[in-house]
$ cat data.txt   # compact mmCIF, C-alpha atoms
# COMPACT_ATOMS: atom_id res chain seq x y z
CA MET K 19 6.15 -28.72 54.78
CA ASP K 20 3.20 -26.43 54.14
CA PRO K 21 4.57 -22.89 54.60
CA TYR K 22 1.20 -21.72 55.89
CA LEU K 23 1.53 -23.99 58.93
CA THR K 24 4.79 -22.63 60.26
CA GLY K 25 5.37 -19.50 62.30
CA PRO K 26 3.74 -18.38 65.56
CA GLY K 27 2.49 -21.09 67.87
CA PRO K 28 -1.01 -21.24 69.34
CA GLY K 29 -0.06 -19.03 72.26
CA GLY K 30 1.84 -16.43 70.25
CA ALA K 31 0.46 -13.19 68.88
CA VAL K 32 -0.15 -13.24 65.14
CA ARG K 33 1.66 -10.43 63.34
CA PHE K 34 1.04 -9.52 59.73
CA ALA K 35 3.31 -7.64 57.36
CA VAL K 36 2.43 -6.57 53.83
CA VAL K 37 4.62 -5.49 50.94
CA GLY K 38 2.55 -3.01 48.97
CA ASN K 39 2.05 0.62 48.08
CA PRO K 40 1.21 2.58 51.27
CA GLY K 41 -2.10 4.36 51.00
CA SER K 42 -3.32 2.24 48.10
CA ARG K 43 -6.82 0.77 48.07
CA ARG K 44 -5.44 -2.75 48.37
CA VAL K 45 -3.28 -2.05 51.41
CA ALA K 46 -6.06 -0.05 53.07
CA LEU K 47 -8.56 -2.90 52.62
CA PHE K 48 -6.11 -5.45 53.99
CA GLU K 49 -5.27 -3.23 56.99
CA GLU K 50 -8.99 -2.89 57.68
CA ALA K 51 -9.47 -6.67 57.55
CA VAL K 52 -6.57 -7.31 59.94
CA ARG K 53 -7.82 -4.75 62.47
CA ALA K 54 -11.37 -6.12 62.20
CA ALA K 55 -9.97 -9.50 63.28
CA GLY K 56 -8.77 -7.89 66.53
CA LEU K 57 -5.11 -7.81 65.50
CA PRO K 58 -2.58 -4.99 65.33
CA ALA K 59 -2.36 -3.22 61.98
CA PRO K 60 0.10 -4.96 59.67
CA ARG K 61 3.58 -3.59 59.18
CA VAL K 62 3.65 -2.08 55.69
CA LEU K 63 6.82 -2.20 53.60
CA ALA K 64 6.68 -0.05 50.49
CA TRP K 65 7.45 -1.66 47.15
CA ALA K 66 9.48 1.45 46.30
CA ARG K 67 11.81 0.77 49.24
CA VAL K 68 12.05 -2.96 48.49
CA LEU K 69 12.94 -2.25 44.86
CA ARG K 70 15.52 0.40 45.72
CA GLU K 71 17.15 -1.75 48.42
CA GLY K 72 16.94 -5.03 46.53
CA GLY K 73 14.84 -6.80 49.17
CA ALA K 74 13.79 -6.73 52.82
CA GLY K 75 13.86 -8.91 55.91
CA PHE K 76 11.05 -10.17 58.16
CA ALA K 77 10.94 -11.61 61.64
CA ALA K 78 10.43 -15.35 61.79
CA ASP K 79 6.94 -14.94 63.24
CA GLU K 80 5.68 -12.30 60.79
CA ILE K 81 3.06 -13.52 58.32
CA VAL K 82 4.01 -11.82 55.05
CA ARG K 83 1.54 -10.91 52.32
CA LEU K 84 2.63 -9.52 48.95
CA ASP K 85 0.24 -7.09 47.33
CA SER K 86 0.15 -5.65 43.84
CA PRO K 87 2.82 -3.07 42.95
CA GLY K 88 0.36 -1.45 40.53
CA GLU K 89 -1.30 1.99 40.58
CA ASP K 90 1.88 3.75 41.68
CA ALA K 91 3.82 5.71 39.05
CA ASP K 92 7.10 5.74 40.99
CA VAL K 93 7.02 1.99 41.57
CA ASP K 94 6.19 1.40 37.91
CA ARG K 95 9.18 3.48 36.84
CA LEU K 96 11.43 1.46 39.14
CA LEU K 97 10.12 -1.79 37.71
CA ARG K 98 10.41 -0.63 34.09
CA GLY K 99 13.72 1.16 34.43
CA GLY K 100 12.55 4.76 34.36
CA GLN K 101 10.08 4.38 31.52
CA ASP K 102 6.89 6.45 31.42
CA PRO K 103 4.33 4.46 33.46
CA THR K 104 1.64 5.07 30.85
CA ARG K 105 3.65 3.12 28.28
CA VAL K 106 2.70 -0.44 27.35
CA GLU K 107 6.18 -1.61 26.39
CA GLY K 108 8.59 -2.78 29.07
CA SER K 109 6.60 -5.63 30.61
CA GLY K 110 9.59 -7.97 30.25
CA ARG K 111 11.76 -5.71 32.38
CA TRP K 112 8.82 -5.21 34.80
CA TYR K 113 8.64 -8.97 35.28
CA ALA K 114 12.39 -9.42 35.78
CA SER K 115 12.54 -6.54 38.29
CA LEU K 116 9.55 -7.80 40.27
CA MET K 117 10.83 -11.37 40.46
CA SER K 118 14.25 -10.16 41.56
CA ALA K 119 12.66 -8.07 44.32
CA VAL K 120 10.47 -10.96 45.47
CA ARG K 121 13.48 -13.25 45.71
CA GLY K 122 15.24 -10.59 47.77
CA LEU K 123 12.67 -10.91 50.56
CA ARG K 124 13.99 -12.87 53.54
CA GLY K 125 12.33 -14.62 56.45
CA GLY K 126 8.77 -14.57 57.68
CA VAL K 127 5.86 -16.91 57.00
CA ARG K 128 5.02 -16.37 53.36
CA LEU K 129 1.52 -16.31 51.87
CA ASP K 130 2.87 -16.03 48.31
CA ASP K 131 5.43 -18.47 46.95
CA PRO K 132 8.20 -16.87 44.81
CA ASP K 133 8.44 -19.79 42.38
CA GLU K 134 4.68 -19.86 41.89
CA LEU K 135 4.56 -16.09 41.38
CA ALA K 136 7.13 -16.47 38.60
CA VAL K 137 4.73 -18.84 36.84
CA LEU K 138 1.61 -16.78 37.55
CA PHE K 139 3.21 -13.71 35.97
CA ASP K 140 4.22 -15.58 32.81
CA LYS K 141 1.10 -16.45 30.81
CA ARG K 142 2.98 -19.06 28.77
CA ARG K 143 4.17 -20.96 31.82
CA CYS K 144 0.86 -20.57 33.62
CA HIS K 145 -1.06 -21.94 30.63
CA ALA K 146 1.31 -24.93 30.48
CA ALA K 147 0.85 -25.64 34.21
CA LEU K 148 -2.92 -25.57 33.86
CA THR K 149 -2.80 -27.81 30.80
CA ALA K 150 -0.59 -30.35 32.57
CA ALA K 151 -3.09 -30.48 35.44
CA GLY K 152 -6.01 -31.14 33.10
CA VAL K 153 -7.63 -27.74 33.69
CA PRO K 154 -9.68 -26.69 30.63
CA VAL K 155 -8.02 -23.74 28.88
CA PRO K 156 -8.19 -22.19 25.41
CA PHE K 157 -5.77 -23.72 22.91
CA SER K 158 -2.43 -21.93 22.70
CA PRO K 159 0.54 -22.53 20.38
CA THR K 160 2.82 -20.56 22.73
CA SER K 161 2.17 -22.54 25.90
CA GLY K 162 5.22 -23.66 27.87
CA GLY K 163 8.91 -22.93 27.71
CA ALA K 164 9.56 -25.19 24.72
CA ALA K 165 7.21 -23.25 22.42
CA PRO K 166 8.97 -21.05 19.85
CA PRO K 167 8.96 -17.34 20.64
CA VAL K 168 6.67 -14.98 18.77
CA ARG K 169 9.03 -12.46 17.21
CA GLY K 170 6.40 -10.23 15.63
CA TRP K 171 3.28 -9.98 13.49
CA ASP K 172 4.61 -12.30 10.79
CA ASP K 173 4.85 -15.08 13.37
CA VAL K 174 1.33 -14.33 14.61
CA ARG K 175 0.00 -14.52 11.05
CA ALA K 176 1.81 -17.82 10.47
CA LEU K 177 0.46 -19.38 13.67
CA MET K 178 -3.06 -18.20 12.86
CA GLY K 179 -2.89 -20.14 9.60
CA GLU K 180 -1.06 -23.18 10.93
CA HIS K 181 -3.47 -23.72 13.82
CA ARG K 182 -6.64 -22.47 12.10
CA MET K 183 -7.17 -19.61 14.50
CA PRO K 184 -9.08 -16.89 12.62
CA ARG K 185 -9.89 -15.29 15.99
CA LEU K 186 -7.35 -15.10 18.80
CA PHE K 187 -6.04 -13.04 21.68
CA VAL K 188 -2.51 -11.69 21.49
CA LYS K 189 -1.31 -11.02 25.04
CA PRO K 190 1.95 -9.70 26.51
CA ALA K 191 3.37 -12.68 28.39
CA HIS K 192 3.88 -10.60 31.53
CA GLY K 193 1.03 -8.13 31.23
CA SER K 194 -1.87 -7.47 33.59
CA SER K 195 -5.18 -5.58 33.57
CA ALA K 196 -5.50 -6.20 29.81
CA SER K 197 -2.50 -3.92 29.15
CA GLY K 198 -1.32 -4.57 25.61
CA VAL K 199 -3.92 -7.26 24.88
CA LEU K 200 -5.31 -7.42 21.34
CA ALA K 201 -8.43 -9.36 20.33
CA VAL K 202 -7.63 -10.18 16.70
CA GLU K 203 -10.12 -11.46 14.13
CA SER K 204 -9.73 -12.12 10.43
CA ALA K 205 -12.39 -11.98 7.75
CA GLY K 206 -12.71 -12.68 4.05
CA GLY K 207 -10.28 -11.11 1.66
CA GLY K 208 -7.50 -11.18 4.22
CA ARG K 209 -9.02 -8.37 6.28
CA ILE K 210 -7.87 -8.08 9.90
CA ARG K 211 -9.36 -6.22 12.85
CA ALA K 212 -7.93 -5.81 16.36
CA THR K 213 -9.78 -4.59 19.46
CA THR K 214 -7.51 -3.25 22.19
CA SER K 215 -6.94 -0.52 24.77
CA VAL K 216 -3.52 0.25 23.26
CA GLU K 217 -3.15 3.76 21.88
CA ARG K 218 -0.40 4.17 19.32
CA GLY K 219 1.27 7.58 19.26
CA PRO K 220 2.43 9.39 16.10
CA ASP K 221 5.99 8.30 16.86
CA GLY K 222 4.98 4.64 17.22
CA ARG K 223 5.13 4.50 21.01
CA LEU K 224 2.37 2.56 22.72
CA PHE K 225 0.29 3.88 25.62
CA ASN K 226 -2.32 2.39 27.92
CA SER K 227 -5.74 3.92 27.48
CA LEU K 228 -9.05 3.53 29.29
CA ARG K 229 -10.82 3.63 25.92
CA VAL K 230 -11.18 0.45 23.91
CA ARG K 231 -10.52 1.06 20.22
CA ARG K 232 -10.39 -0.90 16.98
CA TYR K 233 -7.62 -1.01 14.41
CA GLU K 234 -8.56 -2.20 10.94
CA ASP K 235 -5.35 -1.33 9.12
CA GLU K 236 -3.14 -4.43 9.24
CA ARG K 237 -0.02 -2.28 9.05
CA GLN K 238 -1.01 -0.53 12.29
CA ILE K 239 -1.84 -3.85 13.97
CA ALA K 240 1.51 -5.26 12.85
CA ALA K 241 3.32 -2.22 14.24
CA VAL K 242 1.68 -2.68 17.65
CA VAL K 243 2.48 -6.39 17.79
CA ASP K 244 6.05 -5.86 16.58
CA ALA K 245 6.59 -3.29 19.34
CA LEU K 246 5.27 -5.68 22.01
CA ALA K 247 7.06 -8.81 20.81
CA PRO K 248 10.48 -8.17 22.44
CA ASP K 249 8.80 -8.42 25.88
CA GLY K 250 7.30 -11.82 25.01
CA LEU K 251 3.88 -12.69 23.58
CA HIS K 252 1.30 -15.36 24.34
CA LEU K 253 -1.42 -16.38 21.87
CA GLU K 254 -4.75 -18.00 22.74
CA ARG K 255 -7.71 -19.10 20.68
CA TRP K 256 -10.61 -16.67 21.06
CA LEU K 257 -13.50 -18.68 22.51
CA PRO K 258 -17.03 -17.37 21.85
CA LYS K 259 -18.41 -16.48 25.28
CA ALA K 260 -21.87 -16.68 26.78
CA SER K 261 -23.75 -13.43 27.14
CA GLN K 262 -25.93 -11.70 29.69
CA GLN K 263 -28.43 -9.10 28.51
CA GLY K 264 -26.70 -8.93 25.16
CA ARG K 265 -23.22 -8.34 26.61
CA ALA K 266 -20.31 -10.79 26.54
CA ALA K 267 -19.78 -12.24 30.00
CA ASP K 268 -17.09 -13.95 32.04
CA LEU K 269 -16.37 -14.42 35.75
CA ARG K 270 -13.61 -13.49 38.16
CA VAL K 271 -13.58 -16.11 40.91
CA VAL K 272 -11.38 -15.65 43.99
CA VAL K 273 -10.00 -18.84 45.53
CA VAL K 274 -8.68 -18.65 49.10
CA ALA K 275 -6.88 -21.62 50.70
CA GLY K 276 -8.15 -23.87 47.92
CA LYS K 277 -11.83 -22.89 48.14
CA ALA K 278 -13.78 -20.62 45.79
CA THR K 279 -15.01 -17.85 48.10
CA HIS K 280 -16.03 -14.86 45.95
CA ALA K 281 -17.22 -14.37 42.39
CA VAL K 282 -18.21 -11.46 40.19
CA VAL K 283 -19.68 -11.48 36.70
CA ARG K 284 -18.06 -9.08 34.24
CA THR K 285 -19.96 -8.02 31.11
CA SER K 286 -18.96 -5.87 28.16
CA VAL K 287 -19.90 -4.90 24.64
CA SER K 288 -16.26 -5.48 23.65
CA PRO K 289 -14.10 -8.63 23.93
CA LEU K 290 -12.30 -7.03 26.92
CA THR K 291 -14.48 -7.39 30.02
CA ASN K 292 -12.13 -5.70 32.50
CA LEU K 293 -14.14 -3.38 34.71
CA HIS K 294 -11.69 -0.49 34.34
CA LEU K 295 -12.16 -0.64 30.55
CA GLY K 296 -15.88 -0.06 30.66
CA GLY K 297 -16.99 -3.52 31.74
CA ARG K 298 -19.89 -3.76 34.17
CA ARG K 299 -20.71 -6.15 36.97
CA GLY K 300 -23.39 -8.60 35.93
CA ASP K 301 -25.96 -10.69 37.79
CA LEU K 302 -24.35 -13.68 39.51
CA ASP K 303 -27.68 -15.22 40.50
CA ALA K 304 -28.73 -15.13 36.85
CA VAL K 305 -25.49 -16.87 35.85
CA ARG K 306 -26.04 -19.61 38.39
CA ALA K 307 -29.60 -20.09 37.14
CA ALA K 308 -28.38 -20.22 33.53
CA VAL K 309 -25.77 -22.84 34.43
CA GLU K 310 -28.31 -25.05 36.18
CA THR K 311 -30.91 -24.58 33.42
CA ALA K 312 -28.27 -25.78 30.94
CA GLY K 313 -27.93 -28.99 32.96
CA ALA K 314 -24.56 -28.19 34.52
CA ARG K 315 -23.74 -27.94 38.24
CA TRP K 316 -22.70 -24.70 39.88
CA ALA K 317 -20.43 -26.72 42.19
CA ASP K 318 -18.56 -27.98 39.13
CA VAL K 319 -18.14 -24.44 37.81
CA LEU K 320 -16.47 -23.43 41.06
CA GLY K 321 -14.57 -26.71 40.99
CA VAL K 322 -12.85 -25.70 37.74
CA CYS K 323 -11.53 -22.59 39.50
CA GLU K 324 -10.39 -24.61 42.50
CA ARG K 325 -8.54 -27.02 40.24
CA ALA K 326 -6.77 -24.07 38.63
CA ALA K 327 -5.80 -22.68 42.04
CA ALA K 328 -4.56 -26.12 43.10
CA CYS K 329 -1.74 -25.70 40.56
CA PHE K 330 -0.37 -23.08 42.99
CA PRO K 331 -0.72 -24.76 46.40
CA ARG K 332 1.78 -22.51 48.19
CA THR K 333 -0.03 -19.28 47.29
CA LEU K 334 -2.92 -18.48 49.62
CA CYS K 335 -5.13 -16.54 47.21
CA VAL K 336 -5.55 -16.28 43.43
CA GLY K 337 -8.15 -14.77 41.13
CA VAL K 338 -9.32 -17.05 38.33
CA ASP K 339 -10.79 -15.65 35.11
CA LEU K 340 -13.40 -18.16 33.98
CA LEU K 341 -14.71 -18.15 30.40
CA PRO K 342 -18.22 -19.57 29.89
CA ALA K 343 -19.07 -20.96 26.46
CA ILE K 344 -22.28 -20.00 24.72
CA GLY K 345 -25.02 -21.94 26.48
CA TRP K 346 -23.44 -21.77 29.97
CA ARG K 347 -22.57 -25.47 30.03
CA ARG K 348 -18.85 -25.55 29.30
CA PHE K 349 -16.08 -23.46 30.84
CA ALA K 350 -12.38 -22.73 30.42
CA VAL K 351 -9.84 -20.83 32.50
CA GLY K 352 -8.52 -17.76 30.74
CA GLU K 353 -5.99 -16.64 33.35
CA VAL K 354 -4.97 -17.09 36.98
CA ASN K 355 -4.05 -13.83 38.68
CA ALA K 356 -1.74 -13.52 41.67
CA PHE K 357 -3.35 -10.22 42.72
CA GLY K 358 -6.89 -10.87 41.59
CA ASP K 359 -8.66 -10.11 44.88
CA LEU K 360 -9.48 -6.41 44.51
CA LEU K 361 -13.27 -6.69 44.58
CA PRO K 362 -14.36 -3.99 47.07
CA ARG K 363 -17.56 -4.59 49.04
CA LEU K 364 -18.06 -8.06 47.55
CA THR K 365 -18.89 -10.64 50.22
CA GLY K 366 -18.44 -14.40 50.22
CA LEU K 367 -20.48 -16.86 48.16
CA PRO K 368 -23.29 -18.81 49.87
CA GLY K 369 -21.82 -22.00 51.29
CA SER K 370 -18.26 -20.69 51.10
CA GLY K 371 -17.91 -20.36 54.87
CA VAL K 372 -16.98 -16.69 54.51
CA GLU K 373 -20.42 -15.22 53.92
CA GLY K 374 -20.36 -11.59 54.99
CA LEU K 375 -16.57 -11.29 54.59
CA ASP K 376 -14.80 -9.52 51.75
CA THR K 377 -11.83 -11.09 49.96
CA TYR K 378 -9.31 -9.61 52.39
CA ALA K 379 -11.17 -10.65 55.53
CA ALA K 380 -11.51 -14.15 54.06
CA GLN K 381 -7.74 -14.36 53.63
CA VAL K 382 -7.12 -13.16 57.18
CA ALA K 383 -9.60 -15.75 58.49
CA ALA K 384 -7.98 -18.54 56.46
CA THR K 385 -4.54 -17.56 57.73
CA LEU K 386 -5.67 -17.46 61.35
CA ALA K 387 -7.37 -20.86 60.97
CA ARG K 388 -3.98 -22.33 60.16
CA HIS K 389 -2.60 -21.17 63.51
CA THR K 390 -5.16 -22.72 65.83
CA PRO K 391 -4.15 -25.49 68.26
CA ARG K 392 -5.75 -28.22 66.14
CA ASN K 393 -3.21 -27.55 63.39
CA HIS K 394 0.12 -29.08 64.40
CA PRO K 395 3.00 -27.06 62.91
CA HIS K 396 4.15 -30.02 60.86
CA SER K 397 0.70 -31.19 59.83
CA GLN K 398 -0.01 -31.55 56.12
CA HIS K 399 -3.75 -30.93 56.57
CA HIS K 400 -4.88 -28.28 54.13
CA PRO K 401 -8.24 -26.73 55.14
CA HIS K 402 -10.63 -26.35 52.22
CA HIS K 403 -8.31 -28.28 49.91
CA PRO K 404 -10.06 -28.52 46.56
CA HIS K 405 -9.69 -32.28 46.39
CA GLU K 406 -11.43 -32.59 49.75
CA ASN K 407 -14.51 -30.67 48.67
CA ARG K 408 -15.35 -31.12 45.01
CA THR K 409 -14.57 -33.41 42.14
CA GLY K 410 -15.09 -30.49 39.77
CA THR K 411 -15.67 -32.54 36.63
CA ALA K 412 -15.47 -29.89 33.94
CA HIS K 413 -16.12 -29.88 30.24
CA ALA K 414 -13.28 -28.42 28.24
CA ILE K 415 -14.02 -25.90 25.52
CA VAL K 416 -12.34 -26.92 22.28

$ encode --input "data.txt" --output "structure tokens"
Amino acid sequence: MDPYLTGPGPGGAVRFAVVGNPGSRRVALFEEAVRAAGLPAPRVLAWARVLREGGAGFAADEIVRLDSPGEDADVDRLLRGGQDPTRVEGSGRWYASLMSAVRGLRGGVRLDDPDELAVLFDKRRCHAALTAAGVPVPFSPTSGGAAPPVRGWDDVRALMGEHRMPRLFVKPAHGSSASGVLAVESAGGGRIRATTSVERGPDGRLFNSLRVRRYEDERQIAAVVDALAPDGLHLERWLPKASQQGRAADLRVVVVAGKATHAVVRTSVSPLTNLHLGGRRGDLDAVRAAVETAGARWADVLGVCERAAACFPRTLCVGVDLLPAIGWRRFAVGEVNAFGDLLPRLTGLPGSGVEGLDTYAAQVAATLARHTPRNHPHSQHHPHHPHENRTGTAHAIV
């Protein structure tokens, strides 16, 4: 049974609840979207309370949204076991604590599936799920549960040689917002360079920084990787990306109820395009024109993102990071993000059906559409299902 199609009947009042950080931008934007739909403000349960109490309960007719636990120092300490929230290490404990809290939630109509969240927050498992579904992704020697663990820099070096990966991304398996990510490249004479936002203190502790820096001493790079390895690492081939106005570019595409609804171009002078690390929003119209000039179809570009989201059919909304190859003709999915919808003031794509709505309003509208009389509670109809809208024939980047 589709969990989105259970809950209040056509004549009942729709009630939302959200697990998030009260007062955060995310919760505020979702509250605004719910009220704009003519509904009562959602009941907000604080992540801090859920973590301290080991869970929470919901009424059978409450529609429950989980929001990011990020941007709250107290919550981060609870997830990491008291560790300084500016530290990079501890993502393994963060993951275990979050998954335990999610599984402690009881009742309600859920917009986020616990089992799917467990995959989305493990880059190795997520990459394997995408690969199994035929979604184009960068090559990875750490994909899936059967892959050997990366115990430190020596293993990274060995895999670089074995798989002919002179340029690769080293990512914490459970990281987010580029925390702990290193873009590693090798050159002649055995030289190594890593671009990252990780700041290494004099005592060897690692801290998140808003400044992207480069390490060119292999001993320092090895020390960073060795410190991150106990939390789990994921390696991916570094794919040369298309550019816009001389800056490397990629896209964040939000998929709601199976349909690509919002997209933003992210550009940067560094390999890390995250907007909080100095990336800038690019020109989406120019990207679409470049795609079509290259002989590709914009519908197929969005179709790649919808195919990625289809790997998580019980989760209403995901954010897909799409990597365009040089020439704007081929694409691969870099990551799928459970909480990838924070794109303030961005309205829906033309033809998406949610033009004029932001990502939160689009999710409210999609949820309400599932509770109209035409949707029988036991129906398997999935509005905007990706396989009903696009074939999405994509070219993989190799």

$ closest_residue --input "data.txt" --among "K:Val106, K:Val309, K:Ala267, K:Ala31" --to "Thr214 (chain K)" --atoms "all atoms listed in the file"
K:Val106

$ closest_residue --input "data.txt" --among "K:Gly108, K:Ala46, K:Cys144, K:Ala78" --to "Arg33 (chain K)" --atoms "all atoms listed in the file"
K:Ala78

$ atom_distance --input "data.txt" --atom1 "CA of Leu97 (chain K)" --atom2 "CA of Ala66 (chain K)"
9.2 Å

$ residues_around --input "data.txt" --residues "Arg347 (chain K)" --least-positions-apart "5" --cutoff "8 Å" --atoms "only C-alpha atoms" --output "PyMOL selection string"
chain K and resi 309+312-314+342+413

$ residues_around --input "data.txt" --residues "Gly162 (chain K)" --least-positions-apart "6" --cutoff "12 Å" --atoms "all atoms listed in the file" --output "number ranges by chain"
K: 137, 140-150, 191, 251-253

$ write_last_selection --input "data.txt" --atoms "C-alpha atoms" --output "PDB file, in the frame of the given file"
ATOM      1  CA  VAL K 137       4.730 -18.840  36.840  1.00  0.00           C
ATOM      2  CA  ASP K 140       4.220 -15.580  32.810  1.00  0.00           C
ATOM      3  CA  LYS K 141       1.100 -16.450  30.810  1.00  0.00           C
ATOM      4  CA  ARG K 142       2.980 -19.060  28.770  1.00  0.00           C
ATOM      5  CA  ARG K 143       4.170 -20.960  31.820  1.00  0.00           C
ATOM      6  CA  CYS K 144       0.860 -20.570  33.620  1.00  0.00           C
ATOM      7  CA  HIS K 145      -1.060 -21.940  30.630  1.00  0.00           C
ATOM      8  CA  ALA K 146       1.310 -24.930  30.480  1.00  0.00           C
ATOM      9  CA  ALA K 147       0.850 -25.640  34.210  1.00  0.00           C
ATOM     10  CA  LEU K 148      -2.920 -25.570  33.860  1.00  0.00           C
ATOM     11  CA  THR K 149      -2.800 -27.810  30.800  1.00  0.00           C
ATOM     12  CA  ALA K 150      -0.590 -30.350  32.570  1.00  0.00           C
ATOM     13  CA  ALA K 191       3.370 -12.680  28.390  1.00  0.00           C
ATOM     14  CA  LEU K 251       3.880 -12.690  23.580  1.00  0.00           C
ATOM     15  CA  HIS K 252       1.300 -15.360  24.340  1.00  0.00           C
ATOM     16  CA  LEU K 253      -1.420 -16.380  21.870  1.00  0.00           C
TER      17      LEU K 253
END

$ decode --input "data.txt" --residues "region 138-150 of chain K" --atoms "N, CA, C and O atoms" --output "PDB file, in the first residue's frame"
ATOM      1  N   LEU K 138      19.480   6.725   1.902  1.00  0.00           N
ATOM      2  CA  LEU K 138      19.817   8.062   1.435  1.00  0.00           C
ATOM      3  C   LEU K 138      20.964   8.674   2.236  1.00  0.00           C
ATOM      4  O   LEU K 138      21.766   9.443   1.694  1.00  0.00           O
ATOM      5  N   PHE K 139      21.065   8.333   3.513  1.00  0.00           N
ATOM      6  CA  PHE K 139      22.123   8.890   4.345  1.00  0.00           C
ATOM      7  C   PHE K 139      23.358   7.991   4.416  1.00  0.00           C
ATOM      8  O   PHE K 139      24.225   8.207   5.262  1.00  0.00           O
ATOM      9  N   ASP K 140      23.450   7.026   3.518  1.00  0.00           N
ATOM     10  CA  ASP K 140      24.669   6.225   3.382  1.00  0.00           C
ATOM     11  C   ASP K 140      25.058   6.264   1.903  1.00  0.00           C
ATOM     12  O   ASP K 140      24.427   5.606   1.068  1.00  0.00           O
ATOM     13  N   LYS K 141      26.055   7.052   1.562  1.00  0.00           N
ATOM     14  CA  LYS K 141      26.407   7.256   0.158  1.00  0.00           C
ATOM     15  C   LYS K 141      26.771   5.956  -0.541  1.00  0.00           C
ATOM     16  O   LYS K 141      26.557   5.810  -1.756  1.00  0.00           O
ATOM     17  N   ARG K 142      27.317   4.997   0.170  1.00  0.00           N
ATOM     18  CA  ARG K 142      27.673   3.718  -0.448  1.00  0.00           C
ATOM     19  C   ARG K 142      26.429   2.951  -0.846  1.00  0.00           C
ATOM     20  O   ARG K 142      26.343   2.404  -1.958  1.00  0.00           O
ATOM     21  N   ARG K 143      25.455   2.896   0.027  1.00  0.00           N
ATOM     22  CA  ARG K 143      24.213   2.181  -0.272  1.00  0.00           C
ATOM     23  C   ARG K 143      23.386   2.922  -1.312  1.00  0.00           C
ATOM     24  O   ARG K 143      22.756   2.304  -2.176  1.00  0.00           O
ATOM     25  N   CYS K 144      23.372   4.240  -1.243  1.00  0.00           N
ATOM     26  CA  CYS K 144      22.618   5.029  -2.208  1.00  0.00           C
ATOM     27  C   CYS K 144      23.195   4.849  -3.608  1.00  0.00           C
ATOM     28  O   CYS K 144      22.457   4.658  -4.584  1.00  0.00           O
ATOM     29  N   HIS K 145      24.513   4.896  -3.723  1.00  0.00           N
ATOM     30  CA  HIS K 145      25.170   4.704  -5.015  1.00  0.00           C
ATOM     31  C   HIS K 145      24.824   3.333  -5.583  1.00  0.00           C
ATOM     32  O   HIS K 145      24.538   3.189  -6.785  1.00  0.00           O
ATOM     33  N   ALA K 146      24.825   2.310  -4.729  1.00  0.00           N
ATOM     34  CA  ALA K 146      24.498   0.953  -5.184  1.00  0.00           C
ATOM     35  C   ALA K 146      23.055   0.866  -5.662  1.00  0.00           C
ATOM     36  O   ALA K 146      22.764   0.204  -6.670  1.00  0.00           O
ATOM     37  N   ALA K 147      22.128   1.529  -4.960  1.00  0.00           N
ATOM     38  CA  ALA K 147      20.722   1.504  -5.372  1.00  0.00           C
ATOM     39  C   ALA K 147      20.540   2.181  -6.723  1.00  0.00           C
ATOM     40  O   ALA K 147      19.784   1.696  -7.582  1.00  0.00           O
ATOM     41  N   LEU K 148      21.213   3.296  -6.935  1.00  0.00           N
ATOM     42  CA  LEU K 148      21.129   3.986  -8.212  1.00  0.00           C
ATOM     43  C   LEU K 148      21.715   3.136  -9.333  1.00  0.00           C
ATOM     44  O   LEU K 148      21.147   3.034 -10.429  1.00  0.00           O
ATOM     45  N   THR K 149      22.851   2.515  -9.058  1.00  0.00           N
ATOM     46  CA  THR K 149      23.492   1.665 -10.064  1.00  0.00           C
ATOM     47  C   THR K 149      22.584   0.515 -10.457  1.00  0.00           C
ATOM     48  O   THR K 149      22.423   0.199 -11.643  1.00  0.00           O
ATOM     49  N   ALA K 150      21.970  -0.125  -9.473  1.00  0.00           N
ATOM     50  CA  ALA K 150      21.088  -1.264  -9.745  1.00  0.00           C
ATOM     51  C   ALA K 150      19.889  -0.861 -10.589  1.00  0.00           C
ATOM     52  O   ALA K 150      19.364  -1.668 -11.364  1.00  0.00           O
TER      53      ALA K 150
END
